[in-house]
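> First, the structure itself, so that you have it in front of you.
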Amino acid sequence: MAQIIDGKRISQEIKDSLKVQVEELKEQGKSCTLVVIQIGNDPASSVYVANKKKACEYIGINSRSYELPEETTEDELLELIDELNHDSTVHGILCQLPLPKHMNEKKILNRISPQKDVDGFHPENVGHLMIGEFGFVSCTPAGVIELLKASNISIEGKNCVVIGRSNIVGKPMAMLMLRENATVTICHSKTNDLKNICKQADILIVAIGKPKYINEEYIKEGAVVIDVGIHRDANNKLCGDVDFERVEPLCSAITPVPGGVGPMTICMLMKNCIEAMKYFS
Ligand code: NAP
């Protein structure tokens with residue numbers, strides 16, 4: 001039977017250790033602040049923002065939020081970002097995505113100071129990851145590395161296949177696995193013979209964005225399977241990109257959905273905020 005990688009427990013342990021760090025910093029008179037900007041009132045975004053505030057509260061990070069109307073102009077948002085970039089009491093800034101259609105997402109995200117870019121989306125931080133220097137790393141792939149390490153799954157020398165090449169998940173995930181000395185293959189929608197490539201994987205990381213797409217036909221016996229996907233099925237139940245019931249019997253370890261990769265993302269965001277405060281303030 002496969003080891004079920006318990007993201008809920010691992011993220012809780014990390015949050016508790018971050019809480020201790022924040023308490024120690026407070027004793028030295030230092031406090032950490034995250035600013036979350038939400039434009040419009042997309043219900044899913046509101047849930048994500050509320051969860052981020054809740055995690056900040058638990059760990060002891062100050063959270064400040066700007067809930068701006070849908071009609072906010074790009075210039076107004078850029079002005080606010082400039083102001084926050086220069087505010088020395090603010091350590092992390094994030095703009096909840098998606099932004100309204102009249103805004104240029106790239107322009108907005110690139111305006112956040114790389115030293116406060118706790119989402120790890122700024123090209124300067126992406127470049128740091130590429131050349132192996134310190135910088136903020138996109139939270140979901142960073143969380144996957146933490147999950148593997150906390151589960152004592154060794155990465156070095158392993159064949160790792162990453163399905164997906166988005167800037168937020170697939171590409172940084174592949175770079176992080178390379179940094180951990182895996183031999184990495186990246187697959188995407190134009191990949192030929194996906195099944196056979198996946199069958200070579202000791203560690204298969206799935207970020208394909210299609211519910212239950214990966215079944216037992218893609219899995220090498222004994223593989224570790226990490227499911228980044230998150231969807232609601234026909235019965236409104238959460239599910240991942242991997243068909244858990246069909247894949248689990250074959251693998252040595254697997255993340256469930258929910259309770260696998262999901263809880264790690266906010267946790268890594270909190271970690272980045274504390275690092276922003278420690279290194280750049
Ligand atoms: P995305 O931007 O839609 O990227 C999907 C990737 O999968 C693309 O690179 C695409 O290739 C590739 N792909 C699509 N169909 C394919 C196929 N038939 N064969 C091989 N590759 C295929 O999605 P994302 O933002 O990276 O997110 C991936 C999943 O993770 C989603 O389910 C999302 O909801 C979830 N997610 C979860 C968290 C979390 O906190 N747990 C965070 C972020 C995302 P092309 O590049 O060629 O189009």
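So you can find residues: chains in the structure tokens are A, B, ... in the order shown, residues in each start at 1, and ligands are numbered from 1 in order.
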List all protein, DNA and RNA residues that have at least one atom no more than 8 Å from any atom of ligand 1, counting only C-alpha atoms and all ligand atoms, and write them as an mmCIF file with N, CA, C and O atoms, in the first residue's frame.

data_model
loop_
_atom_site.group_PDB
_atom_site.id
_atom_site.type_symbol
_atom_site.label_atom_id
_atom_site.label_comp_id
_atom_site.auth_asym_id
_atom_site.auth_seq_id
_atom_site.Cartn_x
_atom_site.Cartn_y
_atom_site.Cartn_z
ATOM 1 N N CYS A 139 5.184 29.531 -4.738
ATOM 2 C CA CYS A 139 4.875 28.801 -3.495
ATOM 3 C C CYS A 139 4.452 27.344 -3.693
ATOM 4 O O CYS A 139 4.836 26.475 -2.894
ATOM 5 N N THR A 140 3.678 27.045 -4.733
ATOM 6 C CA THR A 140 3.210 25.661 -4.898
ATOM 7 C C THR A 140 4.374 24.700 -5.177
ATOM 8 O O THR A 140 4.521 23.687 -4.480
ATOM 9 N N ILE A 163 4.649 17.088 -15.492
ATOM 10 C CA ILE A 163 3.681 17.352 -16.577
ATOM 11 C C ILE A 163 3.127 18.752 -16.353
ATOM 12 O O ILE A 163 2.489 19.019 -15.331
ATOM 13 N N GLY A 164 3.406 19.640 -17.304
ATOM 14 C CA GLY A 164 2.978 21.039 -17.217
ATOM 15 C C GLY A 164 4.182 21.951 -17.269
ATOM 16 O O GLY A 164 5.244 21.621 -16.726
ATOM 17 N N ARG A 165 4.021 23.083 -17.962
ATOM 18 C CA ARG A 165 5.133 24.030 -18.090
ATOM 19 C C ARG A 165 4.664 25.456 -17.844
ATOM 20 O O ARG A 165 5.148 26.401 -18.475
ATOM 21 N N SER A 166 3.661 25.630 -16.965
ATOM 22 C CA SER A 166 3.216 26.991 -16.658
ATOM 23 C C SER A 166 4.314 27.711 -15.889
ATOM 24 O O SER A 166 5.179 27.079 -15.259
ATOM 25 N N ASN A 167 4.255 29.049 -15.936
ATOM 26 C CA ASN A 167 5.271 29.838 -15.219
ATOM 27 C C ASN A 167 5.122 29.711 -13.712
ATOM 28 O O ASN A 167 6.074 29.880 -12.958
ATOM 29 N N ILE A 168 3.891 29.403 -13.268
ATOM 30 C CA ILE A 168 3.617 29.373 -11.828
ATOM 31 C C ILE A 168 3.923 28.008 -11.217
ATOM 32 O O ILE A 168 4.396 27.909 -10.090
ATOM 33 N N VAL A 169 3.672 26.942 -11.975
ATOM 34 C CA VAL A 169 3.877 25.597 -11.414
ATOM 35 C C VAL A 169 4.951 24.803 -12.170
ATOM 36 O O VAL A 169 6.023 24.506 -11.629
ATOM 37 N N GLY A 170 4.684 24.440 -13.415
ATOM 38 C CA GLY A 170 5.531 23.463 -14.120
ATOM 39 C C GLY A 170 6.992 23.878 -14.237
ATOM 40 O O GLY A 170 7.891 23.108 -13.851
ATOM 41 N N CYS A 187 6.994 17.715 -19.592
ATOM 42 C CA CYS A 187 6.028 17.380 -20.639
ATOM 43 C C CYS A 187 4.960 18.465 -20.736
ATOM 44 O O CYS A 187 4.680 19.160 -19.754
ATOM 45 N N HIS A 188 4.351 18.586 -21.906
ATOM 46 C CA HIS A 188 3.331 19.608 -22.143
ATOM 47 C C HIS A 188 2.355 19.099 -23.192
ATOM 48 O O HIS A 188 2.459 17.928 -23.612
ATOM 49 N N SER A 189 1.471 19.969 -23.639
ATOM 50 C CA SER A 189 0.389 19.481 -24.522
ATOM 51 C C SER A 189 0.896 19.009 -25.882
ATOM 52 O O SER A 189 0.167 18.334 -26.598
ATOM 53 N N LYS A 190 2.108 19.355 -26.246
ATOM 54 C CA LYS A 190 2.628 18.909 -27.552
ATOM 55 C C LYS A 190 3.593 17.722 -27.398
ATOM 56 O O LYS A 190 4.243 17.312 -28.348
ATOM 57 N N THR A 191 3.698 17.178 -26.202
ATOM 58 C CA THR A 191 4.595 16.039 -25.964
ATOM 59 C C THR A 191 4.051 14.783 -26.658
ATOM 60 O O THR A 191 2.861 14.482 -26.543
ATOM 61 N N LEU A 194 3.154 10.658 -24.134
ATOM 62 C CA LEU A 194 3.186 11.043 -22.716
ATOM 63 C C LEU A 194 3.220 9.821 -21.787
ATOM 64 O O LEU A 194 3.987 9.787 -20.816
ATOM 65 N N VAL A 206 2.407 16.009 -11.351
ATOM 66 C CA VAL A 206 1.355 16.253 -12.331
ATOM 67 C C VAL A 206 0.703 17.617 -12.099
ATOM 68 O O VAL A 206 0.078 17.856 -11.066
ATOM 69 N N ALA A 207 0.878 18.509 -13.085
ATOM 70 C CA ALA A 207 0.235 19.835 -13.047
ATOM 71 C C ALA A 207 -0.314 20.104 -14.435
ATOM 72 O O ALA A 207 0.082 21.036 -15.116
ATOM 73 N N ILE A 208 -1.242 19.266 -14.837
ATOM 74 C CA ILE A 208 -1.769 19.274 -16.213
ATOM 75 C C ILE A 208 -3.074 20.060 -16.293
ATOM 76 O O ILE A 208 -3.497 20.481 -17.375
ATOM 77 N N GLY A 209 -3.718 20.265 -15.142
ATOM 78 C CA GLY A 209 -4.953 21.061 -15.117
ATOM 79 C C GLY A 209 -6.155 20.330 -15.696
ATOM 80 O O GLY A 209 -7.086 20.969 -16.175
ATOM 81 N N LYS A 210 -6.150 18.980 -15.658
ATOM 82 C CA LYS A 210 -7.292 18.209 -16.183
ATOM 83 C C LYS A 210 -7.688 17.161 -15.146
ATOM 84 O O LYS A 210 -6.860 16.300 -14.798
ATOM 85 N N PRO A 211 -8.939 17.209 -14.665
ATOM 86 C CA PRO A 211 -9.341 16.316 -13.577
ATOM 87 C C PRO A 211 -9.138 14.834 -13.884
ATOM 88 O O PRO A 211 -9.552 14.359 -14.945
ATOM 89 N N ASP A 227 0.399 15.118 -6.966
ATOM 90 C CA ASP A 227 -0.732 15.657 -7.725
ATOM 91 C C ASP A 227 -0.950 17.122 -7.337
ATOM 92 O O ASP A 227 -1.400 17.431 -6.237
ATOM 93 N N VAL A 228 -0.627 18.011 -8.282
ATOM 94 C CA VAL A 228 -0.767 19.450 -7.990
ATOM 95 C C VAL A 228 -2.190 19.937 -8.297
ATOM 96 O O VAL A 228 -2.646 20.949 -7.778
ATOM 97 N N GLY A 229 -2.897 19.197 -9.116
ATOM 98 C CA GLY A 229 -4.204 19.662 -9.607
ATOM 99 C C GLY A 229 -5.247 19.820 -8.525
ATOM 100 O O GLY A 229 -5.193 19.174 -7.471
ATOM 101 N N ILE A 230 -6.186 20.709 -8.792
ATOM 102 C CA ILE A 230 -7.323 20.839 -7.878
ATOM 103 C C ILE A 230 -8.560 21.234 -8.681
ATOM 104 O O ILE A 230 -8.553 22.204 -9.411
ATOM 105 N N HIS A 231 -9.570 20.393 -8.561
ATOM 106 C CA HIS A 231 -10.809 20.571 -9.340
ATOM 107 C C HIS A 231 -11.994 20.120 -8.488
ATOM 108 O O HIS A 231 -11.802 19.470 -7.470
ATOM 109 N N GLY A 240 -8.060 15.735 -7.963
ATOM 110 C CA GLY A 240 -6.837 16.265 -8.551
ATOM 111 C C GLY A 240 -6.722 15.952 -10.033
ATOM 112 O O GLY A 240 -7.703 15.572 -10.691
ATOM 113 N N ASP A 241 -5.516 16.092 -10.543
ATOM 114 C CA ASP A 241 -5.221 15.747 -11.944
ATOM 115 C C ASP A 241 -4.989 14.239 -12.084
ATOM 116 O O ASP A 241 -4.894 13.719 -13.194
ATOM 117 N N GLY A 260 -3.068 17.252 0.176
ATOM 118 C CA GLY A 260 -1.704 16.947 -0.277
ATOM 119 C C GLY A 260 -0.931 18.235 -0.504
ATOM 120 O O GLY A 260 -0.489 18.881 0.443
ATOM 121 N N VAL A 261 -0.825 18.598 -1.792
ATOM 122 C CA VAL A 261 -0.051 19.797 -2.154
ATOM 123 C C VAL A 261 -0.761 21.088 -1.693
ATOM 124 O O VAL A 261 -0.121 22.044 -1.256
ATOM 125 N N GLY A 262 -2.091 21.085 -1.793
ATOM 126 C CA GLY A 262 -2.873 22.300 -1.527
ATOM 127 C C GLY A 262 -2.469 23.073 -0.275
ATOM 128 O O GLY A 262 -2.131 24.259 -0.362
ATOM 129 N N PRO A 263 -2.457 22.429 0.909
ATOM 130 C CA PRO A 263 -2.161 23.183 2.144
ATOM 131 C C PRO A 263 -0.750 23.767 2.183
ATOM 132 O O PRO A 263 -0.464 24.648 2.995
ATOM 133 N N MET A 264 0.135 23.263 1.299
ATOM 134 C CA MET A 264 1.532 23.715 1.356
ATOM 135 C C MET A 264 1.719 25.106 0.755
ATOM 136 O O MET A 264 2.656 25.820 1.103
ATOM 137 N N THR A 265 0.820 25.496 -0.153
ATOM 138 C CA THR A 265 1.040 26.742 -0.901
ATOM 139 C C THR A 265 1.048 27.966 0.038
ATOM 140 O O THR A 265 1.991 28.768 0.028
ATOM 141 N N ILE A 266 0.021 28.078 0.871
ATOM 142 C CA ILE A 266 -0.058 29.237 1.786
ATOM 143 C C ILE A 266 1.095 29.204 2.786
ATOM 144 O O ILE A 266 1.677 30.227 3.148
#
> So that each row is one residue of region 96-118 of chain A with an atom at most 8 Å from region 37-52 of chain A, can you give its shortest atom pair and the distance in Å to one decimal, using only C-alpha atoms, rows by chain and rising number, as a tab-separated table?

residue	atom	partner	partner_atom	distance
A:Gln96	CA	A:Gln38	CA	5.3
A:Leu97	CA	A:Ser45	CA	7.2
A:Pro98	CA	A:Ser45	CA	7.9
A:Leu99	CA	A:Ile39	CA	6.6
A:Pro100	CA	A:Ile39	CA	7.1
> Kindly give the distance, in Å, that separates CA of Arg9 (chain A) and CA of Arg246 (chain A), rounded to a single decimal.
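About the pair CA of Arg9 (chain A) and CA of Arg246 (chain A): they are 24.2 Å apart.
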> Would you please extract all strand (DSSP E or B) residues from region 41-197 of chain A, as assigned by DSSP on the backbone, and give them as a ChimeraX atom specification?
/A:62-68,92-95,159-163,183-187
> Keeping only N, CA, C and O atoms, write the selected residues as a PDB file, in the first residue's frame.

ATOM      1  N   ASN A  62       1.544  40.264  10.507  1.00  0.00           N
ATOM      2  CA  ASN A  62       0.484  41.264  10.331  1.00  0.00           C
ATOM      3  C   ASN A  62      -0.015  41.185   8.896  1.00  0.00           C
ATOM      4  O   ASN A  62       0.800  41.116   7.977  1.00  0.00           O
ATOM      5  N   SER A  63      -1.330  41.197   8.720  1.00  0.00           N
ATOM      6  CA  SER A  63      -1.806  41.234   7.332  1.00  0.00           C
ATOM      7  C   SER A  63      -2.610  42.503   7.121  1.00  0.00           C
ATOM      8  O   SER A  63      -3.367  42.932   7.989  1.00  0.00           O
ATOM      9  N   ARG A  64      -2.363  43.106   5.960  1.00  0.00           N
ATOM     10  CA  ARG A  64      -3.111  44.310   5.582  1.00  0.00           C
ATOM     11  C   ARG A  64      -3.726  43.994   4.243  1.00  0.00           C
ATOM     12  O   ARG A  64      -3.053  43.423   3.384  1.00  0.00           O
ATOM     13  N   SER A  65      -5.014  44.308   4.071  1.00  0.00           N
ATOM     14  CA  SER A  65      -5.575  43.989   2.761  1.00  0.00           C
ATOM     15  C   SER A  65      -6.215  45.221   2.142  1.00  0.00           C
ATOM     16  O   SER A  65      -6.744  46.085   2.838  1.00  0.00           O
ATOM     17  N   TYR A  66      -6.106  45.281   0.837  1.00  0.00           N
ATOM     18  CA  TYR A  66      -6.758  46.329   0.046  1.00  0.00           C
ATOM     19  C   TYR A  66      -7.770  45.618  -0.831  1.00  0.00           C
ATOM     20  O   TYR A  66      -7.383  44.842  -1.705  1.00  0.00           O
ATOM     21  N   GLU A  67      -9.053  45.857  -0.553  1.00  0.00           N
ATOM     22  CA  GLU A  67     -10.089  45.251  -1.403  1.00  0.00           C
ATOM     23  C   GLU A  67     -10.629  46.365  -2.293  1.00  0.00           C
ATOM     24  O   GLU A  67     -11.409  47.204  -1.850  1.00  0.00           O
ATOM     25  N   LEU A  68     -10.126  46.417  -3.518  1.00  0.00           N
ATOM     26  CA  LEU A  68     -10.420  47.543  -4.401  1.00  0.00           C
ATOM     27  C   LEU A  68     -11.503  47.174  -5.414  1.00  0.00           C
ATOM     28  O   LEU A  68     -11.612  46.008  -5.803  1.00  0.00           O
ATOM     29  N   GLY A  92       6.019  41.955   2.433  1.00  0.00           N
ATOM     30  CA  GLY A  92       5.551  41.151   1.300  1.00  0.00           C
ATOM     31  C   GLY A  92       4.330  41.792   0.672  1.00  0.00           C
ATOM     32  O   GLY A  92       3.483  42.353   1.377  1.00  0.00           O
ATOM     33  N   ILE A  93       4.272  41.750  -0.674  1.00  0.00           N
ATOM     34  CA  ILE A  93       3.106  42.296  -1.390  1.00  0.00           C
ATOM     35  C   ILE A  93       2.629  41.227  -2.357  1.00  0.00           C
ATOM     36  O   ILE A  93       3.441  40.652  -3.084  1.00  0.00           O
ATOM     37  N   LEU A  94       1.311  40.984  -2.353  1.00  0.00           N
ATOM     38  CA  LEU A  94       0.818  40.124  -3.425  1.00  0.00           C
ATOM     39  C   LEU A  94      -0.500  40.633  -3.979  1.00  0.00           C
ATOM     40  O   LEU A  94      -1.323  41.180  -3.256  1.00  0.00           O
ATOM     41  N   CYS A  95      -0.638  40.485  -5.297  1.00  0.00           N
ATOM     42  CA  CYS A  95      -1.886  40.834  -5.979  1.00  0.00           C
ATOM     43  C   CYS A  95      -2.600  39.536  -6.278  1.00  0.00           C
ATOM     44  O   CYS A  95      -2.050  38.676  -6.984  1.00  0.00           O
ATOM     45  N   ASN A 159      14.766   9.822 -11.717  1.00  0.00           N
ATOM     46  CA  ASN A 159      14.125  10.309 -12.942  1.00  0.00           C
ATOM     47  C   ASN A 159      12.842  11.001 -12.542  1.00  0.00           C
ATOM     48  O   ASN A 159      11.934  10.364 -11.988  1.00  0.00           O
ATOM     49  N   CYS A 160      12.767  12.307 -12.816  1.00  0.00           N
ATOM     50  CA  CYS A 160      11.560  13.046 -12.453  1.00  0.00           C
ATOM     51  C   CYS A 160      10.887  13.541 -13.714  1.00  0.00           C
ATOM     52  O   CYS A 160      11.531  14.153 -14.569  1.00  0.00           O
ATOM     53  N   VAL A 161       9.601  13.284 -13.839  1.00  0.00           N
ATOM     54  CA  VAL A 161       8.836  13.818 -14.964  1.00  0.00           C
ATOM     55  C   VAL A 161       7.833  14.825 -14.393  1.00  0.00           C
ATOM     56  O   VAL A 161       7.094  14.517 -13.450  1.00  0.00           O
ATOM     57  N   VAL A 162       7.868  16.048 -14.959  1.00  0.00           N
ATOM     58  CA  VAL A 162       6.911  17.087 -14.570  1.00  0.00           C
ATOM     59  C   VAL A 162       5.952  17.261 -15.740  1.00  0.00           C
ATOM     60  O   VAL A 162       6.400  17.532 -16.862  1.00  0.00           O
ATOM     61  N   ILE A 163       4.649  17.088 -15.492  1.00  0.00           N
ATOM     62  CA  ILE A 163       3.681  17.352 -16.577  1.00  0.00           C
ATOM     63  C   ILE A 163       3.127  18.752 -16.353  1.00  0.00           C
ATOM     64  O   ILE A 163       2.489  19.019 -15.331  1.00  0.00           O
ATOM     65  N   THR A 183      17.055  14.007 -12.417  1.00  0.00           N
ATOM     66  CA  THR A 183      17.157  14.107 -13.882  1.00  0.00           C
ATOM     67  C   THR A 183      15.750  14.406 -14.363  1.00  0.00           C
ATOM     68  O   THR A 183      14.833  13.605 -14.136  1.00  0.00           O
ATOM     69  N   VAL A 184      15.565  15.594 -14.955  1.00  0.00           N
ATOM     70  CA  VAL A 184      14.195  16.103 -15.116  1.00  0.00           C
ATOM     71  C   VAL A 184      13.737  16.119 -16.575  1.00  0.00           C
ATOM     72  O   VAL A 184      14.467  16.569 -17.456  1.00  0.00           O
ATOM     73  N   THR A 185      12.523  15.651 -16.803  1.00  0.00           N
ATOM     74  CA  THR A 185      11.872  15.758 -18.115  1.00  0.00           C
ATOM     75  C   THR A 185      10.607  16.591 -17.928  1.00  0.00           C
ATOM     76  O   THR A 185       9.858  16.351 -16.975  1.00  0.00           O
ATOM     77  N   ILE A 186      10.408  17.562 -18.816  1.00  0.00           N
ATOM     78  CA  ILE A 186       9.187  18.390 -18.736  1.00  0.00           C
ATOM     79  C   ILE A 186       8.267  18.017 -19.906  1.00  0.00           C
ATOM     80  O   ILE A 186       8.705  18.002 -21.048  1.00  0.00           O
ATOM     81  N   CYS A 187       6.994  17.715 -19.592  1.00  0.00           N
ATOM     82  CA  CYS A 187       6.028  17.380 -20.639  1.00  0.00           C
ATOM     83  C   CYS A 187       4.960  18.465 -20.736  1.00  0.00           C
ATOM     84  O   CYS A 187       4.680  19.160 -19.754  1.00  0.00           O
TER      85      CYS A 187
END
> Give me, as a ChimeraX atom specification, the residues of region 78-137 of chain A that a backbone DSSP run labels helix (DSSP H, G or I).
/A:78-85,105-111,114-116,123-131
> Could you take the residues named above and write them with C-alpha atoms, as an mmCIF file, in the first residue's frame?

data_model
loop_
_atom_site.group_PDB
_atom_site.id
_atom_site.type_symbol
_atom_site.label_atom_id
_atom_site.label_comp_id
_atom_site.auth_asym_id
_atom_site.auth_seq_id
_atom_site.Cartn_x
_atom_site.Cartn_y
_atom_site.Cartn_z
ATOM 1 C CA LEU A 78 0.533 50.753 -10.017
ATOM 2 C CA GLU A 79 0.543 53.846 -7.787
ATOM 3 C CA LEU A 80 -0.510 51.749 -4.784
ATOM 4 C CA ILE A 81 2.224 49.181 -5.519
ATOM 5 C CA ASP A 82 4.834 51.954 -5.755
ATOM 6 C CA GLU A 83 3.689 53.314 -2.391
ATOM 7 C CA LEU A 84 3.903 49.844 -0.778
ATOM 8 C CA ASN A 85 7.299 49.177 -2.383
ATOM 9 C CA GLU A 105 -1.048 41.219 -15.437
ATOM 10 C CA LYS A 106 2.604 41.138 -16.456
ATOM 11 C CA LYS A 107 3.015 44.907 -15.969
ATOM 12 C CA ILE A 108 1.379 44.762 -12.527
ATOM 13 C CA LEU A 109 3.347 41.762 -11.254
ATOM 14 C CA ASN A 110 6.635 43.156 -12.559
ATOM 15 C CA ARG A 111 6.040 46.419 -10.662
ATOM 16 C CA PRO A 114 11.529 41.694 -6.249
ATOM 17 C CA GLN A 115 12.462 41.969 -2.561
ATOM 18 C CA LYS A 116 8.748 42.022 -1.607
ATOM 19 C CA PRO A 123 11.367 37.854 -13.526
ATOM 20 C CA GLU A 124 14.269 38.721 -11.220
ATOM 21 C CA ASN A 125 13.249 35.982 -8.776
ATOM 22 C CA VAL A 126 12.570 33.550 -11.634
ATOM 23 C CA GLY A 127 16.081 34.326 -12.904
ATOM 24 C CA HIS A 128 17.577 33.714 -9.450
ATOM 25 C CA LEU A 129 15.944 30.276 -9.400
ATOM 26 C CA MET A 130 17.331 29.523 -12.851
ATOM 27 C CA ILE A 131 20.931 30.320 -11.874
#
> So, counting only C-alpha atoms, which residue among A:Ser31, A:Thr73, A:Ser138, A:Ser17 is closest to Ser88 (chain A)?
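Checking each candidate against Ser88 (chain A), we get A:Ser31 as the closest.
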> Identify, on the basis of only C-alpha atoms, every residue whose closest approach to Phe244 (chain A) does not exceed 8 Å; exclude the query and any residue fewer than 3 positions from it along the same chain; express the result as an mmCIF file with C-alpha atoms, in the first residue's frame.

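Listed below is the output, part-v4.cif:
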data_model
loop_
_atom_site.group_PDB
_atom_site.id
_atom_site.type_symbol
_atom_site.label_atom_id
_atom_site.label_comp_id
_atom_site.auth_asym_id
_atom_site.auth_seq_id
_atom_site.Cartn_x
_atom_site.Cartn_y
_atom_site.Cartn_z
ATOM 1 C CA LYS A 212 -8.280 12.675 -12.995
ATOM 2 C CA ASN A 215 -4.397 6.824 -14.474
ATOM 3 C CA GLY A 240 -6.837 16.265 -8.551
ATOM 4 C CA VAL A 247 -3.013 5.067 -9.328
ATOM 5 C CA GLU A 248 -2.563 4.553 -5.589
ATOM 6 C CA PRO A 256 -4.179 12.976 -1.914
#
> Between A:Ile254, A:Ala223, A:Ile274, A:Glu71, which one has atoms that come closest to Val20 (chain A), using only C-alpha atoms?
A:Ile274
> From the options A:Val242, A:Ala2, A:Cys56, A:Leu25, which residue's atoms come nearest to Lys271 (chain A), counting only C-alpha atoms?
A:Cys56
> For Gly60 (chain A), list every protein, DNA or RNA residue within 8 Å, evaluated using only C-alpha atoms, and leave out those in the same chain fewer than 2 positions away; present the list as a ChimeraX atom specification.
/A:19,22-23,56-58,62
> The selected residues should be written to file as a PDB file, in the first residue's frame (atoms: C-alpha atoms).

ATOM      1  CA  LYS A  19       5.088  30.771  14.477  1.00  0.00           C
ATOM      2  CA  VAL A  22       7.906  35.055  14.397  1.00  0.00           C
ATOM      3  CA  GLU A  23       7.692  35.040  18.205  1.00  0.00           C
ATOM      4  CA  CYS A  56      -1.035  35.209   8.867  1.00  0.00           C
ATOM      5  CA  GLU A  57      -3.078  35.521  12.034  1.00  0.00           C
ATOM      6  CA  TYR A  58      -2.101  32.007  13.165  1.00  0.00           C
ATOM      7  CA  ASN A  62       0.484  41.264  10.331  1.00  0.00           C
TER       8      ASN A  62
END
> Measuring atom to atom with only C-alpha atoms, identify which of A:Ser151, A:Pro69, A:Met270, A:Ile4 is nearest to Gln21 (chain A).
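Closest to Gln21 (chain A) of all the choices is A:Met270.
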> Have a look at A:Ile214, A:Ala276, A:Ile226, A:Val35 and name the one nearest to Glu146 (chain A); count only C-alpha atoms.
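That would be A:Ile226, the residue with the smallest distance to Glu146 (chain A).
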